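Undergrad: Encoded as structure tokens, here's the structure I'll be asking about.
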Amino acid sequence: METRVLQVLDACRDHKNIEIAAAVLRKGGLVALPTETVYGIGADGLNPSAVAKIFVVKGRPQDNPLILHIAEEKELARLVTGVPASAQELVRRFWPGPLTLILPKSGLVPGIVSTGLPTVAVRMPSHPVARELIRLTGCPLAAPSANLSGSPSTTTAEHCVRDLGGKVEIVLDGGPCAVGLESTVLSLAGGVPRLLRPGAVTLEALREVLGEVEVDPAVEGRMEDAQPVSSPGMKYRHYAPRAQVTLVHGDAARFAAFLSEREAPGVFALCFEEEAQSMPVPHLGYGSRDDSATQAKLLFAALRELDERGAQTVYAHAPDREGIGLAIYNRLLRAAGFREVRLTK
Ligand code: TXA
Ligand code: MG
């Protein structure tokens, strides 16, 4: 299959290209599309054979369910058995935007979307192209991140083509994603609301609206320790470049000293911009120490660039864990296969 790349930098001016992509989706094809978080591989979410293709092209494990993307709030009610007051309030505050809600699913949701679970994940993206594509297709879109399973999510059309060229009919190029990390995933499927995956809608913001929110043990630790498995996607080594990554906690001086002891061919640092001057090894910056929004935006592209530059071993300076920092930490921890070092005196 030849993949066509179509520009959609402006949802109005490039409307024709969104129409072409919607026609492909209606026929059961796959389209990579920009969202405000990361690029997604979209398929008609109510068509089981279209959804099945997603698992094949990504090499995605069969027990890892998909998010359904909708264009309007009212579509949520059709996909779930009921919309509790907590969900209504979150929708009012955070939709459209990077928040995915998990609720008990209705009979409309194909089993392959939820991989047999009694729940479904739903989100309304804020990206105008994503929303217009859903509206024109006329059904919710099942859309996982547009990367090969296990590798870093894609935040540009170029990265989508690299992972999925020849495997999807169209890549819609909407430029780089604004957030850069996947949506926050919150389960409202029973008991206390539970954060399954941190994202740009922060834990602090969710607690402000809901009061109590539990954090799934998988967010900051290994999935094997967390039983039962509440978010299948979190148990896999993930977001990983080919290089071996280690997450390093400590101040700038200790980080630099640690690296100078490890200087060797293929050893790289992933550091904050202001540390670049003092790095004793080849390095890549991913935003300023206290600019977590930029760190989030640059992280996945940086992991890919380290591979391109031939990094074999990467020491990544760990971010602060407040706000969106928790999401950056969560992704880096998985990229590192849970390898962490804490530098003290
Ligand atoms: O920002 C995003 O959410 C992006 C863009 C494309 O919208 N999508 C995305 O999808 O990140 P994906 O498939 O890469 O990640 C979905 C996550 C996985 O960790 C999956 O296990 C979890 O959501 N998930 C989906 N349905 C679930 C369910 N019913 N119960 C628990 N976790 C679920
Ligand atoms: Mg993913």
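By convention here, the chains of the structure tokens are called A, B, ... in the order presented, each chain's residues are numbered starting at 1, and ligands are numbered starting at 1 in the order presented.
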Kindly provide, as a ChimeraX atom specification, all nucleotide and amino acid residues lying within 9 Å of ligand 2, counting only C-alpha atoms and all ligand atoms.
TA: /A:40,144-153,182,233,238-239
Undergrad: Find the residues around A:Trp95 up to 9 Å (only C-alpha atoms counted), leave out those fewer than 2 positions away in its own chain, and share them as a PDB file with all heavy atoms, in the first residue's frame.
TA:
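Below is the file that was written, selection39.pdb:
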ATOM      1  N   GLU A  73     -19.925  16.251  22.815  1.00  0.00           N
ATOM      2  CA  GLU A  73     -20.180  15.686  24.143  1.00  0.00           C
ATOM      3  C   GLU A  73     -21.317  14.678  24.147  1.00  0.00           C
ATOM      4  O   GLU A  73     -21.262  13.659  24.820  1.00  0.00           O
ATOM      5  CB  GLU A  73     -20.527  16.821  25.111  1.00  0.00           C
ATOM      6  CG  GLU A  73     -19.330  17.572  25.608  1.00  0.00           C
ATOM      7  CD  GLU A  73     -19.734  18.780  26.445  1.00  0.00           C
ATOM      8  OE1 GLU A  73     -20.809  18.743  27.079  1.00  0.00           O
ATOM      9  OE2 GLU A  73     -18.964  19.743  26.444  1.00  0.00           O
ATOM     10  N   LEU A  90     -16.305  16.678  34.735  1.00  0.00           N
ATOM     11  CA  LEU A  90     -15.000  16.617  34.052  1.00  0.00           C
ATOM     12  C   LEU A  90     -15.132  17.010  32.586  1.00  0.00           C
ATOM     13  O   LEU A  90     -14.285  17.721  32.046  1.00  0.00           O
ATOM     14  CB  LEU A  90     -14.402  15.214  34.171  1.00  0.00           C
ATOM     15  CG  LEU A  90     -13.967  14.822  35.587  1.00  0.00           C
ATOM     16  CD1 LEU A  90     -13.667  13.332  35.662  1.00  0.00           C
ATOM     17  CD2 LEU A  90     -12.745  15.632  36.019  1.00  0.00           C
ATOM     18  N   VAL A  91     -16.198  16.543  31.954  1.00  0.00           N
ATOM     19  CA  VAL A  91     -16.454  16.877  30.549  1.00  0.00           C
ATOM     20  C   VAL A  91     -16.603  18.391  30.408  1.00  0.00           C
ATOM     21  O   VAL A  91     -16.024  19.014  29.509  1.00  0.00           O
ATOM     22  CB  VAL A  91     -17.722  16.140  30.054  1.00  0.00           C
ATOM     23  CG1 VAL A  91     -18.250  16.754  28.762  1.00  0.00           C
ATOM     24  CG2 VAL A  91     -17.423  14.651  29.861  1.00  0.00           C
ATOM     25  N   ARG A  92     -17.349  18.983  31.335  1.00  0.00           N
ATOM     26  CA  ARG A  92     -17.578  20.436  31.292  1.00  0.00           C
ATOM     27  C   ARG A  92     -16.259  21.198  31.430  1.00  0.00           C
ATOM     28  O   ARG A  92     -16.013  22.164  30.728  1.00  0.00           O
ATOM     29  CB  ARG A  92     -18.529  20.814  32.441  1.00  0.00           C
ATOM     30  CG  ARG A  92     -19.314  22.094  32.203  1.00  0.00           C
ATOM     31  CD  ARG A  92     -20.297  22.356  33.342  1.00  0.00           C
ATOM     32  NE  ARG A  92     -19.657  22.536  34.644  1.00  0.00           N
ATOM     33  CZ  ARG A  92     -18.964  23.598  35.006  1.00  0.00           C
ATOM     34  NH1 ARG A  92     -18.822  24.610  34.174  1.00  0.00           N
ATOM     35  NH2 ARG A  92     -18.404  23.674  36.199  1.00  0.00           N
ATOM     36  N   ARG A  93     -15.390  20.686  32.309  1.00  0.00           N
ATOM     37  CA  ARG A  93     -14.139  21.409  32.579  1.00  0.00           C
ATOM     38  C   ARG A  93     -13.038  21.142  31.557  1.00  0.00           C
ATOM     39  O   ARG A  93     -12.278  22.027  31.223  1.00  0.00           O
ATOM     40  CB  ARG A  93     -13.600  20.992  33.963  1.00  0.00           C
ATOM     41  CG  ARG A  93     -14.436  21.486  35.116  1.00  0.00           C
ATOM     42  CD  ARG A  93     -14.161  22.962  35.406  1.00  0.00           C
ATOM     43  NE  ARG A  93     -12.845  23.162  35.997  1.00  0.00           N
ATOM     44  CZ  ARG A  93     -12.615  23.169  37.299  1.00  0.00           C
ATOM     45  NH1 ARG A  93     -13.598  23.017  38.155  1.00  0.00           N
ATOM     46  NH2 ARG A  93     -11.395  23.353  37.757  1.00  0.00           N
ATOM     47  N   GLY A  97     -10.298  18.118  24.979  1.00  0.00           N
ATOM     48  CA  GLY A  97      -8.937  18.232  25.504  1.00  0.00           C
ATOM     49  C   GLY A  97      -8.362  16.883  25.882  1.00  0.00           C
ATOM     50  O   GLY A  97      -8.981  15.839  25.663  1.00  0.00           O
ATOM     51  N   PRO A  98      -7.154  16.912  26.474  1.00  0.00           N
ATOM     52  CA  PRO A  98      -6.385  15.673  26.674  1.00  0.00           C
ATOM     53  C   PRO A  98      -6.791  14.849  27.895  1.00  0.00           C
ATOM     54  O   PRO A  98      -5.955  14.514  28.723  1.00  0.00           O
ATOM     55  CB  PRO A  98      -4.950  16.183  26.782  1.00  0.00           C
ATOM     56  CG  PRO A  98      -5.080  17.558  27.325  1.00  0.00           C
ATOM     57  CD  PRO A  98      -6.375  18.116  26.811  1.00  0.00           C
ATOM     58  N   LEU A  99      -8.075  14.550  28.022  1.00  0.00           N
ATOM     59  CA  LEU A  99      -8.560  13.708  29.126  1.00  0.00           C
ATOM     60  C   LEU A  99      -9.415  12.575  28.566  1.00  0.00           C
ATOM     61  O   LEU A  99     -10.392  12.820  27.865  1.00  0.00           O
ATOM     62  CB  LEU A  99      -9.405  14.542  30.103  1.00  0.00           C
ATOM     63  CG  LEU A  99     -10.052  13.733  31.238  1.00  0.00           C
ATOM     64  CD1 LEU A  99      -8.994  13.127  32.173  1.00  0.00           C
ATOM     65  CD2 LEU A  99     -11.031  14.592  32.032  1.00  0.00           C
ATOM     66  N   ARG A 123     -12.622   9.807  24.566  1.00  0.00           N
ATOM     67  CA  ARG A 123     -12.061  11.157  24.683  1.00  0.00           C
ATOM     68  C   ARG A 123     -12.529  12.030  23.539  1.00  0.00           C
ATOM     69  O   ARG A 123     -12.781  11.541  22.441  1.00  0.00           O
ATOM     70  CB  ARG A 123     -10.537  11.049  24.787  1.00  0.00           C
ATOM     71  CG  ARG A 123      -9.692  11.747  23.762  1.00  0.00           C
ATOM     72  CD  ARG A 123      -8.220  11.714  24.215  1.00  0.00           C
ATOM     73  NE  ARG A 123      -7.297  12.044  23.145  1.00  0.00           N
ATOM     74  CZ  ARG A 123      -6.926  13.297  22.830  1.00  0.00           C
ATOM     75  NH1 ARG A 123      -7.399  14.317  23.508  1.00  0.00           N
ATOM     76  NH2 ARG A 123      -6.075  13.511  21.840  1.00  0.00           N
ATOM     77  N   MET A 124     -12.660  13.329  23.821  1.00  0.00           N
ATOM     78  CA  MET A 124     -13.006  14.304  22.787  1.00  0.00           C
ATOM     79  C   MET A 124     -11.796  15.207  22.588  1.00  0.00           C
ATOM     80  O   MET A 124     -11.516  16.072  23.419  1.00  0.00           O
ATOM     81  CB  MET A 124     -14.220  15.128  23.193  1.00  0.00           C
ATOM     82  CG  MET A 124     -14.596  16.132  22.143  1.00  0.00           C
ATOM     83  SD  MET A 124     -16.305  16.697  22.270  1.00  0.00           S
ATOM     84  CE  MET A 124     -16.095  18.133  23.236  1.00  0.00           C
ATOM     85  N   PRO A 125     -11.041  14.983  21.493  1.00  0.00           N
ATOM     86  CA  PRO A 125      -9.832  15.789  21.280  1.00  0.00           C
ATOM     87  C   PRO A 125     -10.181  17.244  20.967  1.00  0.00           C
ATOM     88  O   PRO A 125     -11.270  17.532  20.464  1.00  0.00           O
ATOM     89  CB  PRO A 125      -9.159  15.123  20.083  1.00  0.00           C
ATOM     90  CG  PRO A 125     -10.198  14.301  19.420  1.00  0.00           C
ATOM     91  CD  PRO A 125     -11.268  14.001  20.427  1.00  0.00           C
ATOM     92  N   SER A 126      -9.247  18.141  21.245  1.00  0.00           N
ATOM     93  CA  SER A 126      -9.493  19.554  20.942  1.00  0.00           C
ATOM     94  C   SER A 126      -8.938  19.951  19.575  1.00  0.00           C
ATOM     95  O   SER A 126      -9.246  21.033  19.091  1.00  0.00           O
ATOM     96  CB  SER A 126      -8.875  20.443  22.028  1.00  0.00           C
ATOM     97  OG  SER A 126      -7.474  20.298  22.034  1.00  0.00           O
TER      98      SER A 126
END
Undergrad: Restricting the calculation to only C-alpha atoms and all ligand atoms: of A:Pro84, A:Gly310, A:Gly116, A:Pro217, which residue gets closest to ligand 1?
TA: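 Closest candidate: A:Gly116.
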Undergrad: So which one's closest to A:Ala296, A:Leu30, A:Leu195, A:Cys12, A:Ala200? Using only C-alpha atoms, please.
TA: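 Ranked by minimum distance to A:Ala296, first place goes to A:Ala200.
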Undergrad: What's around A:Glu322 at 10 Å? Count only C-alpha atoms, leave out sequence neighbours fewer than 4 positions away in its own chain, and write the answer as a list in words.
TA: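 The filter keeps Thr202, Leu203, Glu204, Ser292, Leu326, Ala327, Ile328 and Tyr329 of chain A.
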Undergrad: For atom CA of A:Ala293 and atom 22 (C, counted along the ligand's line) of ligand 1, quote the distance in Å rounded to one decimal.
TA: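 Separating atom CA of A:Ala293 from atom 22 (C, counted along the ligand's line) of ligand 1 is a distance of 22.5 Å.
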Undergrad: Could you tell me which of A:Gln62, A:Ala189, A:Ala157, A:Gly111 comes closest to A:Ile170 if we count only C-alpha atoms?
TA: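 Under the stated criterion, the closest residue is A:Ala157.
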Undergrad: Using only C-alpha atoms, which residue out of A:Leu33, A:Val185, A:Ala253, A:Ala218 lies closest to A:Cys160?
TA: A:Leu33
Undergrad: From the set A:Asp14, A:Glu169, A:Asp163, A:Glu72, which residue has the shortest atom-to-atom contact distance to A:Ala43, counting only C-alpha atoms?
TA: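 Smallest distance to A:Ala43 is found for A:Glu169.
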Undergrad: Looking only at alpha helix (DSSP H) from DSSP on the backbone, list the matching residues of stretch 254-340 of chain A as an NGL selection string.
TA: :A and (254-260 or 292-308 or 325-335)
Undergrad: Write the residues of the selection above to a file with N, CA, C and O atoms, as a CSV table (one decimal), in the first residue's frame.
TA:
chain,number,residue,atom,x,y,z
A,254,ARG,N,25.6,17.0,40.2
A,254,ARG,CA,25.8,15.5,40.4
A,254,ARG,C,25.6,14.8,39.1
A,254,ARG,O,26.2,13.8,38.8
A,255,PHE,N,24.6,15.3,38.3
A,255,PHE,CA,24.3,14.7,37.0
A,255,PHE,C,25.5,14.8,36.1
A,255,PHE,O,25.9,13.8,35.5
A,256,ALA,N,26.1,16.0,36.1
A,256,ALA,CA,27.3,16.2,35.2
A,256,ALA,C,28.5,15.3,35.7
A,256,ALA,O,29.2,14.7,34.9
A,257,ALA,N,28.7,15.2,37.0
A,257,ALA,CA,29.8,14.4,37.6
A,257,ALA,C,29.5,12.9,37.3
A,257,ALA,O,30.5,12.2,36.9
A,258,PHE,N,28.3,12.5,37.4
A,258,PHE,CA,27.9,11.1,37.1
A,258,PHE,C,28.3,10.7,35.6
A,258,PHE,O,28.8,9.7,35.3
A,259,LEU,N,28.0,11.7,34.7
A,259,LEU,CA,28.2,11.5,33.3
A,259,LEU,C,29.7,11.4,33.0
A,259,LEU,O,30.2,10.7,32.1
A,260,SER,N,30.5,12.3,33.7
A,260,SER,CA,31.9,12.3,33.3
A,260,SER,C,32.6,11.0,33.7
A,260,SER,O,33.6,10.7,33.0
A,292,SER,N,8.0,22.5,32.2
A,292,SER,CA,7.6,21.1,31.9
A,292,SER,C,6.7,21.0,30.7
A,292,SER,O,6.7,20.0,30.0
A,293,ALA,N,6.0,22.1,30.3
A,293,ALA,CA,5.2,22.0,29.1
A,293,ALA,C,6.1,21.8,27.9
A,293,ALA,O,5.8,20.9,27.0
A,294,THR,N,7.2,22.4,27.8
A,294,THR,CA,8.2,22.2,26.7
A,294,THR,C,8.8,20.9,26.8
A,294,THR,O,9.0,20.2,25.8
A,295,GLN,N,9.2,20.4,28.0
A,295,GLN,CA,9.7,19.1,28.2
A,295,GLN,C,8.8,18.0,27.6
A,295,GLN,O,9.2,17.1,26.8
A,296,ALA,N,7.5,18.2,27.9
A,296,ALA,CA,6.5,17.2,27.4
A,296,ALA,C,6.4,17.3,25.8
A,296,ALA,O,6.4,16.2,25.2
A,297,LYS,N,6.5,18.5,25.3
A,297,LYS,CA,6.4,18.6,23.9
A,297,LYS,C,7.5,18.0,23.1
A,297,LYS,O,7.4,17.5,22.0
A,298,LEU,N,8.7,18.1,23.7
A,298,LEU,CA,9.9,17.7,23.0
A,298,LEU,C,10.4,16.2,23.3
A,298,LEU,O,11.2,15.7,22.6
A,299,LEU,N,9.8,15.6,24.4
A,299,LEU,CA,10.4,14.3,24.8
A,299,LEU,C,10.4,13.2,23.8
A,299,LEU,O,11.4,12.6,23.5
A,300,PHE,N,9.3,12.9,23.1
A,300,PHE,CA,9.2,11.8,22.2
A,300,PHE,C,10.1,12.0,21.0
A,300,PHE,O,10.8,11.1,20.5
A,301,ALA,N,10.1,13.3,20.5
A,301,ALA,CA,11.0,13.6,19.3
A,301,ALA,C,12.5,13.4,19.8
A,301,ALA,O,13.3,12.9,19.0
A,302,ALA,N,12.8,13.8,21.0
A,302,ALA,CA,14.2,13.7,21.5
A,302,ALA,C,14.6,12.2,21.6
A,302,ALA,O,15.7,11.8,21.2
A,303,LEU,N,13.7,11.3,22.1
A,303,LEU,CA,14.0,9.9,22.2
A,303,LEU,C,14.3,9.3,20.8
A,303,LEU,O,15.2,8.6,20.6
A,304,ARG,N,13.5,9.8,19.8
A,304,ARG,CA,13.8,9.3,18.4
A,304,ARG,C,15.1,9.9,17.9
A,304,ARG,O,15.8,9.1,17.2
A,305,GLU,N,15.4,11.1,18.2
A,305,GLU,CA,16.6,11.7,17.6
A,305,GLU,C,17.8,11.1,18.2
A,305,GLU,O,18.9,10.9,17.6
A,306,LEU,N,17.8,10.6,19.5
A,306,LEU,CA,18.9,10.0,20.1
A,306,LEU,C,19.3,8.7,19.3
A,306,LEU,O,20.4,8.4,19.1
A,307,ASP,N,18.2,8.0,18.9
A,307,ASP,CA,18.5,6.8,18.1
A,307,ASP,C,19.2,7.2,16.8
A,307,ASP,O,20.1,6.5,16.3
A,308,GLU,N,18.6,8.2,16.1
A,308,GLU,CA,19.2,8.7,14.9
A,308,GLU,C,20.7,9.1,15.0
A,308,GLU,O,21.4,8.9,14.1
A,325,GLY,N,4.7,17.2,34.9
A,325,GLY,CA,5.9,16.4,35.2
A,325,GLY,C,5.7,15.0,35.5
A,325,GLY,O,6.5,14.1,35.2
A,326,LEU,N,4.6,14.7,36.2
A,326,LEU,CA,4.3,13.3,36.5
A,326,LEU,C,4.2,12.4,35.2
A,326,LEU,O,4.6,11.3,35.2
A,327,ALA,N,3.6,13.0,34.2
A,327,ALA,CA,3.4,12.3,32.9
A,327,ALA,C,4.7,12.1,32.2
A,327,ALA,O,5.0,11.1,31.6
A,328,ILE,N,5.6,13.2,32.3
A,328,ILE,CA,6.9,13.1,31.6
A,328,ILE,C,7.7,12.0,32.3
A,328,ILE,O,8.3,11.1,31.7
A,329,TYR,N,7.7,12.0,33.7
A,329,TYR,CA,8.4,11.0,34.5
A,329,TYR,C,7.8,9.6,34.1
A,329,TYR,O,8.6,8.6,33.9
A,330,ASN,N,6.5,9.4,34.0
A,330,ASN,CA,5.9,8.1,33.7
A,330,ASN,C,6.4,7.6,32.4
A,330,ASN,O,6.7,6.4,32.3
A,331,ARG,N,6.5,8.5,31.4
A,331,ARG,CA,6.9,8.0,30.0
A,331,ARG,C,8.4,7.7,30.0
A,331,ARG,O,8.8,6.7,29.4
A,332,LEU,N,9.2,8.5,30.7
A,332,LEU,CA,10.6,8.2,30.7
A,332,LEU,C,10.9,6.9,31.5
A,332,LEU,O,11.8,6.2,31.1
A,333,LEU,N,10.2,6.7,32.5
A,333,LEU,CA,10.4,5.5,33.3
A,333,LEU,C,10.1,4.2,32.5
A,333,LEU,O,10.9,3.3,32.6
A,334,ARG,N,9.1,4.3,31.6
A,334,ARG,CA,8.8,3.2,30.7
A,334,ARG,C,9.9,3.1,29.6
A,334,ARG,O,10.3,2.0,29.2
A,335,ALA,N,10.3,4.3,29.1
A,335,ALA,CA,11.4,4.2,28.1
A,335,ALA,C,12.6,3.6,28.7
A,335,ALA,O,13.4,3.0,28.0
Undergrad: Here is a test: counting only C-alpha atoms and all ligand atoms, which residue of A:Pro128, A:Gly199, A:Gly29, A:Pro193 is nearest to ligand 1?
TA: A:Gly199
Undergrad: Need the shell around A:Glu340: protein/DNA/RNA residues with any atom at most 7 Å away, counting only C-alpha atoms. Skip same-chain ones fewer than 2 positions apart. Format as a ChimeraX atom specification?
TA: /A:246-248,338,342
Undergrad: Residues as selected, N, CA, C and O atoms, written as a compact mmCIF listing (two decimals), in the first residue's frame, can you do that?
TA:
# COMPACT_ATOMS: atom_id res chain seq x y z
N THR A 246 18.54 5.14 31.01
CA THR A 246 18.49 5.11 32.48
C THR A 246 18.04 6.48 32.94
O THR A 246 18.54 7.50 32.46
N LEU A 247 17.10 6.49 33.86
CA LEU A 247 16.58 7.75 34.39
C LEU A 247 17.42 8.12 35.61
O LEU A 247 17.60 7.30 36.52
N VAL A 248 17.93 9.35 35.63
CA VAL A 248 18.84 9.75 36.70
C VAL A 248 18.25 10.91 37.50
O VAL A 248 17.92 11.96 36.94
N PHE A 338 12.15 0.94 33.47
CA PHE A 338 12.12 1.07 34.93
C PHE A 338 13.50 1.13 35.58
O PHE A 338 13.65 0.97 36.78
N ARG A 342 19.43 7.12 41.68
CA ARG A 342 19.29 8.33 42.51
C ARG A 342 20.65 8.77 43.00
O ARG A 342 21.33 8.00 43.69
Undergrad: Could you write out, as a ChimeraX atom specification, all the residues of stretch 112-210 of chain A that DSSP marks as strand (DSSP E)?
TA: /A:119-123,141-142,170-173,184-187,194-197
Undergrad: For A:Thr81, please output as a ChimeraX atom specification all residues within 7 Å (counting only C-alpha atoms; exclusion window: fewer than 4 positions along the same chain).
TA: /A:104-106
Undergrad: Can those selected residues be exported to a file as a CSV table (one decimal), in the first residue's frame so that it contains all heavy atoms?
TA:
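Result file is again-v3.csv:
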chain,number,residue,atom,x,y,z
A,104,PRO,N,-18.3,2.1,32.2
A,104,PRO,CA,-18.9,0.9,31.7
A,104,PRO,C,-19.4,1.1,30.3
A,104,PRO,O,-20.1,2.1,30.1
A,104,PRO,CB,-20.0,0.6,32.8
A,104,PRO,CG,-19.5,1.3,34.0
A,104,PRO,CD,-18.8,2.5,33.5
A,105,LYS,N,-19.2,0.1,29.4
A,105,LYS,CA,-19.5,0.4,28.0
A,105,LYS,C,-20.9,0.0,27.7
A,105,LYS,O,-21.5,-0.9,28.3
A,105,LYS,CB,-18.5,-0.4,27.1
A,105,LYS,CG,-18.7,-1.9,27.0
A,105,LYS,CD,-17.6,-2.5,26.2
A,105,LYS,CE,-17.8,-3.9,25.8
A,105,LYS,NZ,-18.7,-4.1,24.6
A,106,SER,N,-21.5,0.6,26.6
A,106,SER,CA,-22.8,0.2,26.2
A,106,SER,C,-22.6,-0.9,25.1
A,106,SER,O,-21.5,-1.2,24.7
A,106,SER,CB,-23.5,1.4,25.5
A,106,SER,OG,-22.9,1.6,24.2
